[in-house]
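File shown: run_12.cif. Contents: mmCIF, C-alpha atoms.
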data_coords
#
loop_
_atom_site.label_atom_id
_atom_site.label_comp_id
_atom_site.auth_asym_id
_atom_site.auth_seq_id
_atom_site.Cartn_x
_atom_site.Cartn_y
_atom_site.Cartn_z
CA MET A 1 117.11 102.02 112.27
CA ILE A 2 115.01 104.17 114.55
CA ARG A 3 111.51 104.60 113.14
CA ASP A 4 109.61 106.18 116.00
CA ILE A 5 109.27 109.39 117.90
CA ALA A 6 111.04 108.88 121.23
CA THR A 7 108.93 108.61 124.36
CA THR A 8 110.30 111.11 126.84
CA PRO A 9 109.24 112.37 130.29
CA GLU A 10 107.99 115.80 131.30
CA PRO A 11 110.71 118.44 130.77
CA PRO A 12 113.23 119.42 131.87
CA TYR A 13 115.57 116.78 130.46
CA TYR A 14 118.53 116.91 128.07
CA ALA A 15 119.28 116.17 124.44
CA VAL A 16 122.27 115.83 122.14
CA ILE A 17 121.60 116.94 118.56
CA PHE A 18 124.19 115.25 116.32
CA THR A 19 124.07 116.57 112.74
CA SER A 20 126.52 115.09 110.25
CA THR A 21 127.56 114.72 106.64
CA ARG A 22 129.13 111.41 105.60
CA THR A 23 132.15 110.47 103.52
CA ASP A 24 131.73 107.74 100.88
CA ASN A 25 133.50 105.22 103.11
CA ASP A 26 131.02 102.78 104.69
CA GLU A 27 133.63 100.43 106.13
CA GLY A 28 132.40 99.27 109.54
CA TYR A 29 129.89 102.11 109.74
CA LYS A 30 126.67 100.11 110.08
CA GLU A 31 128.12 97.68 112.64
CA THR A 32 129.51 100.50 114.78
CA SER A 33 126.29 102.53 114.58
CA GLU A 34 124.28 99.56 115.79
CA ARG A 35 126.80 98.73 118.50
CA MET A 36 126.77 102.35 119.75
CA LEU A 37 122.98 102.35 119.87
CA ASN A 38 123.00 99.09 121.82
CA ILE A 39 125.42 100.37 124.44
CA ALA A 40 123.79 103.85 124.62
CA VAL A 41 120.53 102.18 125.61
CA GLU A 42 122.34 100.60 128.57
CA GLN A 43 123.79 103.91 129.84
CA PRO A 44 122.40 105.36 133.07
CA ASP A 45 119.79 108.08 132.49
CA TYR A 46 119.42 107.31 128.78
CA LEU A 47 115.86 108.11 127.62
CA GLY A 48 115.70 107.44 123.90
CA VAL A 49 116.90 108.35 120.41
CA GLU A 50 115.57 109.53 117.04
CA SER A 51 117.72 109.15 113.95
CA VAL A 52 117.25 109.93 110.25
CA ARG A 53 119.65 110.14 107.31
CA GLU A 54 118.87 111.29 103.77
CA SER A 55 121.11 112.28 100.84
CA GLY A 56 124.18 112.63 102.97
CA LEU A 57 122.76 114.70 105.82
CA GLY A 58 121.94 112.90 109.05
CA ILE A 59 120.31 114.05 112.27
CA THR A 60 120.41 111.90 115.40
CA VAL A 61 118.90 113.24 118.60
CA SER A 62 119.51 111.32 121.83
CA TYR A 63 117.65 112.15 125.02
CA TRP A 64 119.02 111.99 128.56
CA LYS A 65 117.65 112.49 132.05
CA ALA A 66 120.60 114.60 133.20
CA ALA A 67 123.49 116.62 131.74
CA GLU A 68 126.06 114.51 133.59
CA ALA A 69 124.86 111.39 131.74
CA ILE A 70 125.83 113.05 128.45
CA ARG A 71 129.36 113.75 129.70
CA THR A 72 129.70 110.16 130.91
CA TRP A 73 128.53 108.79 127.56
CA LYS A 74 130.95 111.04 125.67
CA ARG A 75 133.83 109.54 127.67
CA GLN A 76 132.68 105.91 127.48
CA VAL A 77 135.71 103.95 126.21
CA GLU A 78 134.16 102.14 123.27
CA HIS A 79 132.26 105.28 122.29
CA MET A 80 135.50 107.30 122.30
CA GLU A 81 137.03 104.81 119.88
CA ALA A 82 133.92 105.14 117.64
CA GLN A 83 134.23 108.94 117.76
CA ARG A 84 137.86 108.70 116.63
CA LYS A 85 136.91 106.39 113.73
CA GLY A 86 134.04 108.73 112.91
CA ARG A 87 136.48 111.58 112.30
CA GLU A 88 138.98 109.40 110.44
CA ILE A 89 136.65 107.37 108.26
CA TRP A 90 132.90 108.04 108.22
CA TYR A 91 132.21 111.73 108.68
CA ARG A 92 133.06 114.63 106.45
CA SER A 93 131.74 117.02 109.09
CA TYR A 94 129.53 117.03 112.15
CA LYS A 95 128.19 119.28 114.83
CA ILE A 96 127.16 118.21 118.32
CA ARG A 97 124.83 120.47 120.26
CA VAL A 98 124.00 119.74 123.88
CA CYS A 99 120.75 121.24 125.07
CA LYS A 100 118.21 121.34 127.85
CA ILE A 101 114.63 120.62 126.79
CA GLU A 102 112.48 123.26 128.47
CA ARG A 103 109.02 122.41 127.14
CA GLU A 104 107.35 120.11 124.66
CA TYR A 105 104.02 119.37 123.09
CA GLY A 106 102.79 116.99 120.47
CA TYR A 107 100.05 115.52 118.37
CA ASP A 108 98.97 111.98 117.64
CA ASN A 109 96.02 111.19 115.37
CA GLY A 110 95.71 107.79 117.01
CA SER A 111 95.95 105.75 113.82
CA MET B 1 115.63 120.60 100.92
CA ILE B 2 118.20 121.46 103.55
CA ARG B 3 121.49 119.72 102.84
CA ASP B 4 123.89 121.40 105.22
CA ILE B 5 124.76 121.61 108.87
CA ALA B 6 123.42 124.97 110.10
CA THR B 7 125.91 127.68 110.94
CA THR B 8 125.08 128.88 114.44
CA PRO B 9 126.71 131.29 116.90
CA GLU B 10 128.36 130.55 120.24
CA PRO B 11 125.84 129.13 122.73
CA PRO B 12 123.57 129.88 124.42
CA TYR B 13 120.86 130.01 121.77
CA TYR B 14 117.62 128.07 121.24
CA ALA B 15 116.33 125.22 119.11
CA VAL B 16 113.04 123.58 118.20
CA ILE B 17 113.31 119.85 117.53
CA PHE B 18 110.31 118.82 115.40
CA THR B 19 110.04 115.04 115.01
CA SER B 20 107.17 113.71 112.94
CA THR B 21 105.62 110.75 111.19
CA ARG B 22 103.63 111.44 108.01
CA THR B 23 100.31 110.26 106.67
CA ASP B 24 100.15 109.09 103.02
CA ASN B 25 98.48 112.36 101.97
CA ASP B 26 100.95 114.65 100.18
CA GLU B 27 98.37 117.22 99.05
CA GLY B 28 99.95 120.64 99.32
CA TYR B 29 102.69 119.35 101.61
CA LYS B 30 105.75 120.28 99.54
CA GLU B 31 104.47 123.76 98.68
CA THR B 32 103.60 124.52 102.30
CA SER B 33 106.94 123.16 103.59
CA GLU B 34 108.84 125.39 101.20
CA ARG B 35 106.67 128.39 101.99
CA MET B 36 107.14 127.88 105.75
CA LEU B 37 110.90 127.67 105.28
CA ASN B 38 110.89 130.87 103.25
CA ILE B 39 108.97 132.82 105.85
CA ALA B 40 110.86 131.29 108.81
CA VAL B 41 114.09 132.65 107.33
CA GLU B 42 112.57 136.13 107.45
CA GLN B 43 111.58 135.92 111.13
CA PRO B 44 113.51 138.02 113.64
CA ASP B 45 116.24 136.07 115.46
CA TYR B 46 116.03 133.08 113.11
CA LEU B 47 119.45 131.39 112.85
CA GLY B 48 119.06 128.35 110.61
CA VAL B 49 117.48 124.95 110.06
CA GLU B 50 118.43 121.32 109.47
CA SER B 51 115.85 118.91 108.07
CA VAL B 52 115.88 115.23 107.10
CA ARG B 53 113.14 112.71 106.32
CA GLU B 54 113.50 108.99 105.67
CA SER B 55 110.98 106.13 105.57
CA GLY B 56 108.27 108.11 107.26
CA LEU B 57 110.24 109.61 110.16
CA GLY B 58 111.35 113.22 109.84
CA ILE B 59 113.49 115.43 112.05
CA THR B 60 113.63 119.19 111.52
CA VAL B 61 115.67 121.32 113.89
CA SER B 62 115.33 125.09 113.68
CA TYR B 63 117.68 127.41 115.54
CA TRP B 64 116.78 130.75 117.14
CA LYS B 65 118.65 133.50 118.92
CA ALA B 66 116.06 133.85 121.70
CA ALA B 67 113.19 131.89 123.26
CA GLU B 68 110.73 134.70 122.51
CA ALA B 69 111.40 134.34 118.77
CA ILE B 70 110.14 130.75 118.96
CA ARG B 71 106.88 131.84 120.60
CA THR B 72 106.41 134.55 117.95
CA TRP B 73 107.00 132.07 115.13
CA LYS B 74 104.54 129.59 116.64
CA ARG B 75 101.84 132.29 116.55
CA GLN B 76 102.65 133.65 113.08
CA VAL B 77 99.32 133.65 111.20
CA GLU B 78 100.32 131.73 108.09
CA HIS B 79 102.32 129.28 110.20
CA MET B 80 99.28 128.65 112.44
CA GLU B 81 97.25 127.74 109.37
CA ALA B 82 100.04 125.36 108.28
CA GLN B 83 100.06 123.79 111.75
CA ARG B 84 96.31 123.20 111.53
CA LYS B 85 96.65 121.58 108.09
CA GLY B 86 99.57 119.56 109.43
CA ARG B 87 97.34 117.95 112.04
CA GLU B 88 94.42 117.49 109.64
CA ILE B 89 96.26 116.25 106.56
CA TRP B 90 100.01 115.59 106.64
CA TYR B 91 101.08 114.28 110.03
CA ARG B 92 100.15 111.08 111.76
CA SER B 93 102.02 112.26 114.85
CA TYR B 94 104.62 114.78 115.90
CA LYS B 95 106.51 116.03 118.90
CA ILE B 96 107.90 119.53 119.31
CA ARG B 97 110.65 120.05 121.86
CA VAL B 98 111.89 123.53 122.67
CA CYS B 99 115.38 123.64 124.09
CA LYS B 100 118.28 125.85 125.06
CA ILE B 101 121.60 124.95 123.46
CA GLU B 102 124.17 125.06 126.25
CA ARG B 103 127.33 123.97 124.45
CA GLU B 104 128.47 122.65 121.09
CA TYR B 105 131.49 121.33 119.30
CA GLY B 106 132.14 119.98 115.88
CA TYR B 107 134.44 118.54 113.28
CA ASP B 108 135.10 119.37 109.66
CA ASN B 109 137.65 117.48 107.56
CA GLY B 110 137.89 120.42 105.21
CA SER B 111 137.00 118.54 102.04
#
Starting from the file, lay out its structure as structure tokens.
Amino acid sequence: MIRDIATTPEPPYYAVIFTSTRTDNDEGYKETSERMLNIAVEQPDYLGVESVRESGLGITVSYWKAAEAIRTWKRQVEHMEAQRKGREIWYRSYKIRVCKIEREYGYDNGS
Amino acid sequence: MIRDIATTPEPPYYAVIFTSTRTDNDEGYKETSERMLNIAVEQPDYLGVESVRESGLGITVSYWKAAEAIRTWKRQVEHMEAQRKGREIWYRSYKIRVCKIEREYGYDNGS
């Protein structure tokens, strides 16, 4: 699981907001999630990811240096197979929003 | 709590991705969260929100029709007070990313 705020560069850069609701079928879900994360990390221009799920609703935000990297990742062969299984088995519904990060700011209490 | 994928219009529109880690201090947190949600909904050009927290990491994405609406919401008086308390009491760290949604697609199995 991802337990940290992603470290990202100065904007502009890109993000994919993946919001989903799950079915009750967990078959192969955990393994595929972990595998997808492992190969996403190896994609060109991948920056980081944040992911949380609670009571059925999940939000995963992945960050990318360029819009083209997102298109390439969407078409990656093993990822396409995972997307197909996602619709058939694991997800009741999802929405994918592709966006350009224009500005950011933050806070860290240092503890 | 927000348990659904937000219904949003055709892009372009805007989003604020708020990723945070909490302190152990819950004093007033729930009440203020609910109050902020209630007044956000009343802001001009507010579209919707998705929010999930798990094991300390939280992701809240709010959607807005225009970039200016995000600036107005950031400066709303009661919200500014909540932001101050957030830094003092509830959040160990957070990052706020403002972005323009360029395209989206989704899936719904209809169940």
Original post:
So how far away is atom CA of Glu10 of chain B from atom CA of Arg71 of chain A, in Å?
Top reply: 19.3 Å
**OP:** Kindly determine which residues of chain A lie within 9 Å of chain B, considering all atoms listed in the file, and give the answer as a VMD selection string.
**Re:** chain A and resid 2 to 6 14 to 15 17 19 to 21 50 to 61 87 to 88 91 to 111
Just C-alpha atoms for this one: save the residues we selected as a compact mmCIF listing (two decimals), in the coordinates of the input.
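Result went into result_7.txt, see below:
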# COMPACT_ATOMS: atom_id res chain seq x y z
CA ILE A 2 115.01 104.17 114.55
CA ARG A 3 111.51 104.60 113.14
CA ASP A 4 109.61 106.18 116.00
CA ILE A 5 109.27 109.39 117.90
CA ALA A 6 111.04 108.88 121.23
CA TYR A 14 118.53 116.91 128.07
CA ALA A 15 119.28 116.17 124.44
CA ILE A 17 121.60 116.94 118.56
CA THR A 19 124.07 116.57 112.74
CA SER A 20 126.52 115.09 110.25
CA THR A 21 127.56 114.72 106.64
CA GLU A 50 115.57 109.53 117.04
CA SER A 51 117.72 109.15 113.95
CA VAL A 52 117.25 109.93 110.25
CA ARG A 53 119.65 110.14 107.31
CA GLU A 54 118.87 111.29 103.77
CA SER A 55 121.11 112.28 100.84
CA GLY A 56 124.18 112.63 102.97
CA LEU A 57 122.76 114.70 105.82
CA GLY A 58 121.94 112.90 109.05
CA ILE A 59 120.31 114.05 112.27
CA THR A 60 120.41 111.90 115.40
CA VAL A 61 118.90 113.24 118.60
CA ARG A 87 136.48 111.58 112.30
CA GLU A 88 138.98 109.40 110.44
CA TYR A 91 132.21 111.73 108.68
CA ARG A 92 133.06 114.63 106.45
CA SER A 93 131.74 117.02 109.09
CA TYR A 94 129.53 117.03 112.15
CA LYS A 95 128.19 119.28 114.83
CA ILE A 96 127.16 118.21 118.32
CA ARG A 97 124.83 120.47 120.26
CA VAL A 98 124.00 119.74 123.88
CA CYS A 99 120.75 121.24 125.07
CA LYS A 100 118.21 121.34 127.85
CA ILE A 101 114.63 120.62 126.79
CA GLU A 102 112.48 123.26 128.47
CA ARG A 103 109.02 122.41 127.14
CA GLU A 104 107.35 120.11 124.66
CA TYR A 105 104.02 119.37 123.09
CA GLY A 106 102.79 116.99 120.47
CA TYR A 107 100.05 115.52 118.37
CA ASP A 108 98.97 111.98 117.64
CA ASN A 109 96.02 111.19 115.37
CA GLY A 110 95.71 107.79 117.01
CA SER A 111 95.95 105.75 113.82
If chain A is fitted onto chain B by least squares over all C-alpha atoms, taken pair by pair in sequence order, what do its new coordinates look like as a PDB file with C-alpha atoms, keeping the file's coordinate frame?
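Here's the written file result_34.pdb:
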ATOM      1  CA  MET A   1     115.643 120.564 100.909  1.00  0.00           C
ATOM      2  CA  ILE A   2     118.203 121.454 103.532  1.00  0.00           C
ATOM      3  CA  ARG A   3     121.504 119.712 102.829  1.00  0.00           C
ATOM      4  CA  ASP A   4     123.898 121.390 105.225  1.00  0.00           C
ATOM      5  CA  ILE A   5     124.758 121.614 108.864  1.00  0.00           C
ATOM      6  CA  ALA A   6     123.418 124.954 110.099  1.00  0.00           C
ATOM      7  CA  THR A   7     125.902 127.684 110.937  1.00  0.00           C
ATOM      8  CA  THR A   8     125.093 128.885 114.427  1.00  0.00           C
ATOM      9  CA  PRO A   9     126.710 131.302 116.908  1.00  0.00           C
ATOM     10  CA  GLU A  10     128.367 130.559 120.233  1.00  0.00           C
ATOM     11  CA  PRO A  11     125.830 129.132 122.718  1.00  0.00           C
ATOM     12  CA  PRO A  12     123.572 129.883 124.409  1.00  0.00           C
ATOM     13  CA  TYR A  13     120.851 130.008 121.761  1.00  0.00           C
ATOM     14  CA  TYR A  14     117.617 128.071 121.234  1.00  0.00           C
ATOM     15  CA  ALA A  15     116.324 125.235 119.096  1.00  0.00           C
ATOM     16  CA  VAL A  16     113.033 123.591 118.194  1.00  0.00           C
ATOM     17  CA  ILE A  17     113.303 119.852 117.533  1.00  0.00           C
ATOM     18  CA  PHE A  18     110.303 118.833 115.402  1.00  0.00           C
ATOM     19  CA  THR A  19     110.048 115.045 115.001  1.00  0.00           C
ATOM     20  CA  SER A  20     107.169 113.698 112.930  1.00  0.00           C
ATOM     21  CA  THR A  21     105.624 110.738 111.168  1.00  0.00           C
ATOM     22  CA  ARG A  22     103.657 111.428 107.981  1.00  0.00           C
ATOM     23  CA  THR A  23     100.316 110.252 106.646  1.00  0.00           C
ATOM     24  CA  ASP A  24     100.146 109.091 103.009  1.00  0.00           C
ATOM     25  CA  ASN A  25      98.490 112.353 101.976  1.00  0.00           C
ATOM     26  CA  ASP A  26     100.948 114.645 100.159  1.00  0.00           C
ATOM     27  CA  GLU A  27      98.370 117.199  99.046  1.00  0.00           C
ATOM     28  CA  GLY A  28      99.948 120.650  99.333  1.00  0.00           C
ATOM     29  CA  TYR A  29     102.690 119.345 101.609  1.00  0.00           C
ATOM     30  CA  LYS A  30     105.749 120.274  99.543  1.00  0.00           C
ATOM     31  CA  GLU A  31     104.460 123.763  98.691  1.00  0.00           C
ATOM     32  CA  THR A  32     103.612 124.520 102.320  1.00  0.00           C
ATOM     33  CA  SER A  33     106.934 123.162 103.606  1.00  0.00           C
ATOM     34  CA  GLU A  34     108.834 125.401 101.219  1.00  0.00           C
ATOM     35  CA  ARG A  35     106.643 128.397 102.000  1.00  0.00           C
ATOM     36  CA  MET A  36     107.143 127.884 105.762  1.00  0.00           C
ATOM     37  CA  LEU A  37     110.901 127.673 105.304  1.00  0.00           C
ATOM     38  CA  ASN A  38     110.873 130.871 103.254  1.00  0.00           C
ATOM     39  CA  ILE A  39     108.944 132.832 105.861  1.00  0.00           C
ATOM     40  CA  ALA A  40     110.868 131.296 108.817  1.00  0.00           C
ATOM     41  CA  VAL A  41     114.081 132.652 107.322  1.00  0.00           C
ATOM     42  CA  GLU A  42     112.563 136.146 107.449  1.00  0.00           C
ATOM     43  CA  GLN A  43     111.579 135.915 111.144  1.00  0.00           C
ATOM     44  CA  PRO A  44     113.508 138.023 113.654  1.00  0.00           C
ATOM     45  CA  ASP A  45     116.234 136.068 115.470  1.00  0.00           C
ATOM     46  CA  TYR A  46     116.033 133.081 113.119  1.00  0.00           C
ATOM     47  CA  LEU A  47     119.458 131.391 112.846  1.00  0.00           C
ATOM     48  CA  GLY A  48     119.058 128.367 110.608  1.00  0.00           C
ATOM     49  CA  VAL A  49     117.477 124.954 110.060  1.00  0.00           C
ATOM     50  CA  GLU A  50     118.434 121.314 109.463  1.00  0.00           C
ATOM     51  CA  SER A  51     115.862 118.915 108.069  1.00  0.00           C
ATOM     52  CA  VAL A  52     115.891 115.233 107.088  1.00  0.00           C
ATOM     53  CA  ARG A  53     113.142 112.724 106.318  1.00  0.00           C
ATOM     54  CA  GLU A  54     113.530 108.992 105.694  1.00  0.00           C
ATOM     55  CA  SER A  55     111.005 106.129 105.601  1.00  0.00           C
ATOM     56  CA  GLY A  56     108.291 108.125 107.254  1.00  0.00           C
ATOM     57  CA  LEU A  57     110.250 109.615 110.147  1.00  0.00           C
ATOM     58  CA  GLY A  58     111.346 113.227 109.841  1.00  0.00           C
ATOM     59  CA  ILE A  59     113.486 115.441 112.047  1.00  0.00           C
ATOM     60  CA  THR A  60     113.631 119.198 111.510  1.00  0.00           C
ATOM     61  CA  VAL A  61     115.666 121.319 113.893  1.00  0.00           C
ATOM     62  CA  SER A  62     115.340 125.105 113.673  1.00  0.00           C
ATOM     63  CA  TYR A  63     117.677 127.416 115.551  1.00  0.00           C
ATOM     64  CA  TRP A  64     116.789 130.753 117.135  1.00  0.00           C
ATOM     65  CA  LYS A  65     118.655 133.520 118.915  1.00  0.00           C
ATOM     66  CA  ALA A  66     116.073 133.846 121.692  1.00  0.00           C
ATOM     67  CA  ALA A  67     113.191 131.883 123.243  1.00  0.00           C
ATOM     68  CA  GLU A  68     110.728 134.691 122.517  1.00  0.00           C
ATOM     69  CA  ALA A  69     111.403 134.343 118.773  1.00  0.00           C
ATOM     70  CA  ILE A  70     110.139 130.752 118.948  1.00  0.00           C
ATOM     71  CA  ARG A  71     106.881 131.847 120.591  1.00  0.00           C
ATOM     72  CA  THR A  72     106.409 134.561 117.969  1.00  0.00           C
ATOM     73  CA  TRP A  73     106.998 132.096 115.133  1.00  0.00           C
ATOM     74  CA  LYS A  74     104.541 129.608 116.638  1.00  0.00           C
ATOM     75  CA  ARG A  75     101.842 132.302 116.563  1.00  0.00           C
ATOM     76  CA  GLN A  76     102.649 133.664 113.094  1.00  0.00           C
ATOM     77  CA  VAL A  77      99.323 133.666 111.205  1.00  0.00           C
ATOM     78  CA  GLU A  78     100.305 131.731 108.104  1.00  0.00           C
ATOM     79  CA  HIS A  79     102.310 129.292 110.216  1.00  0.00           C
ATOM     80  CA  MET A  80      99.281 128.667 112.455  1.00  0.00           C
ATOM     81  CA  GLU A  81      97.236 127.758 109.391  1.00  0.00           C
ATOM     82  CA  ALA A  82     100.031 125.356 108.290  1.00  0.00           C
ATOM     83  CA  GLN A  83     100.058 123.785 111.766  1.00  0.00           C
ATOM     84  CA  ARG A  84      96.302 123.192 111.550  1.00  0.00           C
ATOM     85  CA  LYS A  85      96.655 121.566 108.103  1.00  0.00           C
ATOM     86  CA  GLY A  86      99.573 119.547 109.441  1.00  0.00           C
ATOM     87  CA  ARG A  87      97.320 117.931 112.041  1.00  0.00           C
ATOM     88  CA  GLU A  88      94.418 117.463 109.628  1.00  0.00           C
ATOM     89  CA  ILE A  89      96.255 116.237 106.557  1.00  0.00           C
ATOM     90  CA  TRP A  90     100.008 115.587 106.631  1.00  0.00           C
ATOM     91  CA  TYR A  91     101.059 114.284 110.022  1.00  0.00           C
ATOM     92  CA  ARG A  92     100.160 111.071 111.747  1.00  0.00           C
ATOM     93  CA  SER A  93     102.019 112.239 114.846  1.00  0.00           C
ATOM     94  CA  TYR A  94     104.616 114.772 115.890  1.00  0.00           C
ATOM     95  CA  LYS A  95     106.488 116.036 118.879  1.00  0.00           C
ATOM     96  CA  ILE A  96     107.887 119.535 119.308  1.00  0.00           C
ATOM     97  CA  ARG A  97     110.638 120.053 121.850  1.00  0.00           C
ATOM     98  CA  VAL A  98     111.886 123.533 122.665  1.00  0.00           C
ATOM     99  CA  CYS A  99     115.381 123.647 124.081  1.00  0.00           C
ATOM    100  CA  LYS A 100     118.272 125.863 125.038  1.00  0.00           C
ATOM    101  CA  ILE A 101     121.604 124.942 123.453  1.00  0.00           C
ATOM    102  CA  GLU A 102     124.174 125.073 126.245  1.00  0.00           C
ATOM    103  CA  ARG A 103     127.339 123.980 124.443  1.00  0.00           C
ATOM    104  CA  GLU A 104     128.461 122.664 121.090  1.00  0.00           C
ATOM    105  CA  TYR A 105     131.475 121.319 119.299  1.00  0.00           C
ATOM    106  CA  GLY A 106     132.137 119.950 115.874  1.00  0.00           C
ATOM    107  CA  TYR A 107     134.436 118.511 113.282  1.00  0.00           C
ATOM    108  CA  ASP A 108     135.109 119.357 109.668  1.00  0.00           C
ATOM    109  CA  ASN A 109     137.649 117.443 107.578  1.00  0.00           C
ATOM    110  CA  GLY A 110     137.893 120.401 105.225  1.00  0.00           C
ATOM    111  CA  SER A 111     137.055 118.496 102.052  1.00  0.00           C
TER     112      SER A 111
END
Subject >> Residue IDs satisfying the PyMOL selection byres ((chain A and resi 29-32) around 12), as a PyMOL selection string >> reply: chain A and resi 1+22-28+33-40+78-91
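Rounded to one decimal, atom CA of Arg75 of chain B and atom CA of Pro9 of chain A lie 25.3 Å from each other.
This file gives the following result for the PyMOL selection byres ((chain A and resi 44) around 12): A:Ile39, A:Ala40, A:Val41, A:Glu42, A:Gln43, A:Asp45, A:Tyr46, A:Leu47, A:Gly48, A:Tyr63, A:Trp64, A:Lys65, A:Ala66, A:Ala67, A:Glu68, A:Ala69, A:Ile70, A:Arg71, A:Thr72, A:Trp73, A:Gln76.
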Taking N, CA and C atoms as the atom set, what does segment 46-69 of chain B look like once completed, written as a PDB file, keeping the file's coordinate frame?
ATOM      1  N   TYR B  46     115.884 134.411 113.718  1.00  0.00           N
ATOM      2  CA  TYR B  46     116.030 133.080 113.110  1.00  0.00           C
ATOM      3  C   TYR B  46     117.511 132.844 112.790  1.00  0.00           C
ATOM      4  N   LEU B  47     118.032 131.661 113.096  1.00  0.00           N
ATOM      5  CA  LEU B  47     119.450 131.390 112.850  1.00  0.00           C
ATOM      6  C   LEU B  47     119.702 130.373 111.730  1.00  0.00           C
ATOM      7  N   GLY B  48     118.829 129.366 111.631  1.00  0.00           N
ATOM      8  CA  GLY B  48     119.060 128.350 110.610  1.00  0.00           C
ATOM      9  C   GLY B  48     118.207 127.128 110.850  1.00  0.00           C
ATOM     10  N   VAL B  49     118.292 126.160 109.936  1.00  0.00           N
ATOM     11  CA  VAL B  49     117.480 124.950 110.060  1.00  0.00           C
ATOM     12  C   VAL B  49     118.231 123.754 109.475  1.00  0.00           C
ATOM     13  N   GLU B  50     117.945 122.588 110.028  1.00  0.00           N
ATOM     14  CA  GLU B  50     118.430 121.320 109.470  1.00  0.00           C
ATOM     15  C   GLU B  50     117.217 120.408 109.369  1.00  0.00           C
ATOM     16  N   SER B  51     117.068 119.696 108.261  1.00  0.00           N
ATOM     17  CA  SER B  51     115.850 118.910 108.070  1.00  0.00           C
ATOM     18  C   SER B  51     116.132 117.657 107.262  1.00  0.00           C
ATOM     19  N   VAL B  52     115.674 116.515 107.775  1.00  0.00           N
ATOM     20  CA  VAL B  52     115.880 115.230 107.100  1.00  0.00           C
ATOM     21  C   VAL B  52     114.636 114.378 107.273  1.00  0.00           C
ATOM     22  N   ARG B  53     114.254 113.672 106.210  1.00  0.00           N
ATOM     23  CA  ARG B  53     113.140 112.710 106.320  1.00  0.00           C
ATOM     24  C   ARG B  53     113.532 111.424 105.626  1.00  0.00           C
ATOM     25  N   GLU B  54     113.150 110.291 106.231  1.00  0.00           N
ATOM     26  CA  GLU B  54     113.500 108.990 105.670  1.00  0.00           C
ATOM     27  C   GLU B  54     112.484 107.965 106.153  1.00  0.00           C
ATOM     28  N   SER B  55     111.921 107.208 105.222  1.00  0.00           N
ATOM     29  CA  SER B  55     110.980 106.130 105.570  1.00  0.00           C
ATOM     30  C   SER B  55     109.943 106.557 106.604  1.00  0.00           C
ATOM     31  N   GLY B  56     109.383 107.725 106.394  1.00  0.00           N
ATOM     32  CA  GLY B  56     108.270 108.110 107.260  1.00  0.00           C
ATOM     33  C   GLY B  56     108.638 108.954 108.464  1.00  0.00           C
ATOM     34  N   LEU B  57     109.854 108.788 109.008  1.00  0.00           N
ATOM     35  CA  LEU B  57     110.240 109.610 110.160  1.00  0.00           C
ATOM     36  C   LEU B  57     111.018 110.834 109.688  1.00  0.00           C
ATOM     37  N   GLY B  58     110.649 111.993 110.200  1.00  0.00           N
ATOM     38  CA  GLY B  58     111.350 113.220 109.840  1.00  0.00           C
ATOM     39  C   GLY B  58     111.823 113.946 111.085  1.00  0.00           C
ATOM     40  N   ILE B  59     112.996 114.568 110.974  1.00  0.00           N
ATOM     41  CA  ILE B  59     113.490 115.430 112.050  1.00  0.00           C
ATOM     42  C   ILE B  59     113.861 116.770 111.424  1.00  0.00           C
ATOM     43  N   THR B  60     113.267 117.843 111.933  1.00  0.00           N
ATOM     44  CA  THR B  60     113.630 119.190 111.520  1.00  0.00           C
ATOM     45  C   THR B  60     114.027 119.958 112.771  1.00  0.00           C
ATOM     46  N   VAL B  61     115.228 120.513 112.756  1.00  0.00           N
ATOM     47  CA  VAL B  61     115.670 121.320 113.890  1.00  0.00           C
ATOM     48  C   VAL B  61     115.864 122.747 113.411  1.00  0.00           C
ATOM     49  N   SER B  62     115.137 123.680 114.004  1.00  0.00           N
ATOM     50  CA  SER B  62     115.330 125.090 113.680  1.00  0.00           C
ATOM     51  C   SER B  62     116.011 125.777 114.863  1.00  0.00           C
ATOM     52  N   TYR B  63     116.867 126.751 114.522  1.00  0.00           N
ATOM     53  CA  TYR B  63     117.680 127.410 115.540  1.00  0.00           C
ATOM     54  C   TYR B  63     117.301 128.884 115.630  1.00  0.00           C
ATOM     55  N   TRP B  64     117.270 129.407 116.863  1.00  0.00           N
ATOM     56  CA  TRP B  64     116.780 130.750 117.140  1.00  0.00           C
ATOM     57  C   TRP B  64     117.660 131.430 118.170  1.00  0.00           C
ATOM     58  N   LYS B  65     117.781 132.751 118.029  1.00  0.00           N
ATOM     59  CA  LYS B  65     118.650 133.500 118.920  1.00  0.00           C
ATOM     60  C   LYS B  65     118.048 133.600 120.326  1.00  0.00           C
ATOM     61  N   ALA B  66     116.713 133.616 120.409  1.00  0.00           N
ATOM     62  CA  ALA B  66     116.060 133.850 121.700  1.00  0.00           C
ATOM     63  C   ALA B  66     114.771 133.036 121.796  1.00  0.00           C
ATOM     64  N   ALA B  67     114.386 132.691 123.021  1.00  0.00           N
ATOM     65  CA  ALA B  67     113.190 131.890 123.260  1.00  0.00           C
ATOM     66  C   ALA B  67     111.931 132.616 122.761  1.00  0.00           C
ATOM     67  N   GLU B  68     111.899 133.918 122.922  1.00  0.00           N
ATOM     68  CA  GLU B  68     110.730 134.700 122.510  1.00  0.00           C
ATOM     69  C   GLU B  68     110.473 134.574 121.004  1.00  0.00           C
ATOM     70  N   ALA B  69     111.545 134.478 120.222  1.00  0.00           N
ATOM     71  CA  ALA B  69     111.400 134.340 118.770  1.00  0.00           C
ATOM     72  C   ALA B  69     110.640 133.063 118.403  1.00  0.00           C
TER      73      ALA B  69
END
